[in-house]
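Written below as structure tokens is the structure these notes are about.
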Amino acid sequence: MPKGRNHLNTIYISERLQECLRPISQCALTTVTAPMGYGKTTAVNWYLSRQLKAEQAVQVRISIYSDNLPIFWKSVQQAFAFAGLDFLDGCECPDDVASAGFLIDTICYALRGSSVYYIFIDDFHLLTDARVADFLCDLANRLPENVHLITASRGRLLSGEAVLRLGGKLCQIEMENLCLNHTELSVYTHRCGMELSEQQIDRLLHTSEGWFSAVYLNLCAFSKYGQLPDRKSDIYEMFATAMIDPLPEEYREFLTVMGLADEFTLEMARRITGLAGAEEILVTLTEQNAFVTRLPDNRSFRFHHMMKECTERAFATLEKGKQRRYRNRYGAWYEAEHLYLHALKFYWKNRDYDAILRVIQNDAGILLASMKPAEVSEFLEQCPEPVLKQHPLALLVLMRRMFTWRQIPTMMKLKELLMAAIAEQPEMTAQERGNLLGECDLIMSFLMYNDITKMSQFHRSASARMSRPAISIRNEGGWTFGSPSVLMMFHRTPGDLEKELVEMNDCMPHYYRITNGHGQGAERIMNAEAEFLQGRFVDAQICLENTYVHIAENGQENMVLCCDFLALRLALCTELSLSYTIAERRKELLRRHNITWVTLFDSVCAYYYALSGQITQIPVLFREHQLSTVNFLAPGKPMMELIENQVYLAQQEYAKVIGRSEGLLAVCEAMHYALVALHVQIQTAAAYECLGKRTEARNCLKRPFKLLCRISFIFHLWKIMNIWKNFCNGKYRQRMRQSMYF
């Protein structure tokens, strides 16, 4: 029979389990693996509470609620920030092997020291992307000894190969370590204030198989009714009977509604439920229910997944109108907090298309990029056209996103809807109409990429029409698609450079005006690069220094890196002294935690070190030819391939340069990258020459020399002939094999 007073929320960690937990402080990675309800989180929390006191350690606790990587990444950043570690602020969610490696370097560097850190990732099974598990394995292999990573998961985290690779760095705690045996069950029931007979303990052990949650629920029923539940009881039915049904109606509705949230604060609970007594309910639930817990920040709460499962089932039984009202409240809360992906989830369940389009407009397509294109396409198929037309700004954001996803037919269909929406709203002001048409021109200009003449026409039209900056383009992003050279990207037609420079100078101010200065300084860098390639090094240096001054402090780091690319090339040809060392510049970029900028700077350094023959200094991404691990944007990829070619030349891998050239030249032709193609042809000629195939080398140079004669800006003819003579005489052959010219 139950005693007079029960202690059902008593935490019990058996001596056997305590021994299993002990090695955590000696291992880089601990995996706690068992089905739901075996006390994984409770066991880890118990262990950490003691370690934090004994070692004065720092805990970083990360909870997972879905398989959405951007949402997970936000949780990671918040968890580190709550622990007083802000080094991940501003870091982008890694999306390829290279950025994941950069993140590992950042974490290891920031946490190395005398303090002990425990990083606990709960409910890891909810992340279905296998790359995350691979990342954790790589991280564990490189963590300093003072950092310990712990994961709790329902399913196995690591492959057999990963287990072998981690070896002694890995501690594995599994279901058999967590479930209760007969002796432990007797101790636990006694601590809960229950006096069960040996026969009842045998029966409880048989029915629960040592599963902690089943034991707990059986004891709750025993406390209430004086007998154990029927053996045939469904665990969720048992849960509802023991934990939800006995509560007052107000408490039941509170649980039913707030069970939809991953985590929530008191203020959020008040807003969603509309209950004035939400605080009293929460206090009571956390004191009396082991499945409702207060998080370490002391202001947020979460439900155990078993509780969430039961409350979600209960929510589905509510009247449809009530369900809709609650989901709208959730959507409005998350929207106000700028948690747009969460808001979209609830608005989508309600098929509230107006709210969805409002969120898309406010987000400006940033978080929308993390969604699967198929999900957005499904929305567009289901959303009625009249509703879409009521949200022209959202249509602009969707057009921009469709361009990024290369879904051009859908982009053009959205443009038609936009034009129809503008035509069907005669009450629209002329200013608003101009802004919409102008931003549409701006987005359409992307289809003319690299054709400055046509892009300029769109930019001028947009600038003339718009009275505000574009909402579909943010100026934080890169302007050259990851390339370190503006000239390489935008010189399209041999012989037209002077015309292109004039057009660039004329059109960029229009583009800056409507994009808050996105890419500001691009035309100046392009002019400086043109001076350099014409051999006018003094003029190039003057133009470069002018550009550095012009773009200082404007936040356009992409443009600064393009300046760095030119500065290093100038340093090879002149007595130019840099205002920084390469190591200092890279360290500065690392502190800003932007993998895109670091990768771009690595490409700059790779080219410089390849030209100067300092092979061992070439960044590992290029030195070991790992470009396939980086998700480069398509327009910037040819430039990266050109730099990799130069590295292969420096490494005397001449056959590789020749073998790669045909495919790369085809890409350059398709993208109208005349200058990139010119460099590739010269690189190929140099590779043939170094292999003793002079006839093939001459043949490779025939087309470049024809182009050189047409491109008056590169060199005067006498300069070309003089350099070629020196090259053939061998005077500068070694240098020219590695240079950007030959």
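Residue numbering restarts at 1 in every chain; chains get A, B, ... in the order shown in the structure tokens, and ligands count up from 1 in that same order.
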Note to self: According to DSSP computed on the backbone, where in region 354-572 of chain A is there helix (DSSP H, G or I)? Give the residues as a ChimeraX atom specification.
What the structure shows: /A:354-363,367-370,373-382,385-389,392-404,408-423,430-448,452-465,486-490,497-514,522-533,537-551,557-572
Selection near Glu263 (chain A), 8 Å with only C-alpha atoms, sequence-local residues under 3 positions removed, as a PDB file with N, CA, C and O atoms, in the first residue's frame:
```
ATOM      1  N   SER A 300      12.715  29.699 -18.799  1.00  0.00           N
ATOM      2  CA  SER A 300      12.068  28.917 -19.852  1.00  0.00           C
ATOM      3  C   SER A 300      11.694  27.531 -19.334  1.00  0.00           C
ATOM      4  O   SER A 300      12.314  27.010 -18.404  1.00  0.00           O
ATOM      5  N   PHE A 301      10.680  26.949 -19.983  1.00  0.00           N
ATOM      6  CA  PHE A 301      10.186  25.635 -19.599  1.00  0.00           C
ATOM      7  C   PHE A 301      10.108  24.742 -20.821  1.00  0.00           C
ATOM      8  O   PHE A 301      10.013  25.220 -21.950  1.00  0.00           O
ATOM      9  N   ARG A 302      10.119  23.423 -20.568  1.00  0.00           N
ATOM     10  CA  ARG A 302       9.923  22.479 -21.660  1.00  0.00           C
ATOM     11  C   ARG A 302       9.190  21.259 -21.129  1.00  0.00           C
ATOM     12  O   ARG A 302       9.253  20.939 -19.949  1.00  0.00           O
ATOM     13  N   PHE A 303       8.497  20.572 -22.045  1.00  0.00           N
ATOM     14  CA  PHE A 303       7.816  19.326 -21.725  1.00  0.00           C
ATOM     15  C   PHE A 303       8.662  18.162 -22.214  1.00  0.00           C
ATOM     16  O   PHE A 303       9.306  18.242 -23.264  1.00  0.00           O
TER      17      PHE A 303
END
```
Notebook entry, point to check: Closest to Ile643 (chain A) among A:Leu447, A:Ile615, A:Ala606, A:Val549, using only C-alpha atoms?
Noted result: A:Ala606
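The residues of region 256-369 of chain A that DSSP assigns to strand (DSSP E) on this backbone come out as Phe264, Thr265, Val292, Thr293, Arg294, Ser300, Phe301, Arg302 and Phe303 of chain A.
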Would you mind exporting the chosen residues as a PDB file, in the first residue's frame, restricted to N, CA and C atoms?
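Output contents, as saved in selection19.pdb:
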```pdb
ATOM      1  N   PHE A 264       9.080  27.400 -23.827  1.00  0.00           N
ATOM      2  CA  PHE A 264       8.233  28.583 -23.672  1.00  0.00           C
ATOM      3  C   PHE A 264       8.560  29.278 -22.356  1.00  0.00           C
ATOM      4  N   THR A 265       8.281  30.568 -22.334  1.00  0.00           N
ATOM      5  CA  THR A 265       8.439  31.372 -21.125  1.00  0.00           C
ATOM      6  C   THR A 265       7.060  31.607 -20.518  1.00  0.00           C
ATOM      7  N   VAL A 292       7.453  18.079 -16.691  1.00  0.00           N
ATOM      8  CA  VAL A 292       7.510  19.511 -16.963  1.00  0.00           C
ATOM      9  C   VAL A 292       8.708  20.059 -16.200  1.00  0.00           C
ATOM     10  N   THR A 293       9.692  20.624 -16.910  1.00  0.00           N
ATOM     11  CA  THR A 293      10.915  21.070 -16.252  1.00  0.00           C
ATOM     12  C   THR A 293      11.240  22.518 -16.591  1.00  0.00           C
ATOM     13  N   ARG A 294      11.877  23.169 -15.635  1.00  0.00           N
ATOM     14  CA  ARG A 294      12.385  24.529 -15.831  1.00  0.00           C
ATOM     15  C   ARG A 294      13.813  24.418 -16.357  1.00  0.00           C
ATOM     16  N   SER A 300      12.715  29.699 -18.799  1.00  0.00           N
ATOM     17  CA  SER A 300      12.068  28.917 -19.852  1.00  0.00           C
ATOM     18  C   SER A 300      11.694  27.531 -19.334  1.00  0.00           C
ATOM     19  N   PHE A 301      10.680  26.949 -19.983  1.00  0.00           N
ATOM     20  CA  PHE A 301      10.186  25.635 -19.599  1.00  0.00           C
ATOM     21  C   PHE A 301      10.108  24.742 -20.821  1.00  0.00           C
ATOM     22  N   ARG A 302      10.119  23.423 -20.568  1.00  0.00           N
ATOM     23  CA  ARG A 302       9.923  22.479 -21.660  1.00  0.00           C
ATOM     24  C   ARG A 302       9.190  21.259 -21.129  1.00  0.00           C
ATOM     25  N   PHE A 303       8.497  20.572 -22.045  1.00  0.00           N
ATOM     26  CA  PHE A 303       7.816  19.326 -21.725  1.00  0.00           C
ATOM     27  C   PHE A 303       8.662  18.162 -22.214  1.00  0.00           C
TER      28      PHE A 303
END
```
Residues of region 38-101 of chain A at most 9 Å from region 134-158 of chain A: nearest atom pair and distance in Å, only C-alpha atoms, as CSV:
```
residue,atom,partner,partner_atom,distance
A:Lys40,CA,A:Ala152,CA,6.2
A:Thr41,CA,A:Ala152,CA,6.8
A:Val44,CA,A:Ile150,CA,8.3
A:Val97,CA,A:Phe135,CA,8.6
A:Ala100,CA,A:Phe135,CA,6.9
A:Gly101,CA,A:Phe135,CA,8.3
```
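Between CA of Lys53 (chain A) and CA of Phe120 (chain A) the interatomic distance comes to 16.4 Å.
Here CA of Met559 (chain A) and CA of Thr616 (chain A) stand 27.2 Å from one another.
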Next item on the list: Work out how far CA of Pro635 (chain A) is from CA of Phe481 (chain A), in Å to one decimal.
Entry: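 For CA of Phe481 (chain A) relative to CA of Pro635 (chain A), the distance reads 6.0 Å.
Restricting the calculation to only C-alpha atoms, the smallest distance between Thr10 (chain A) and any of A:Gln288, A:Ser49, A:Gln323, A:Gln614 is found for A:Gln288.
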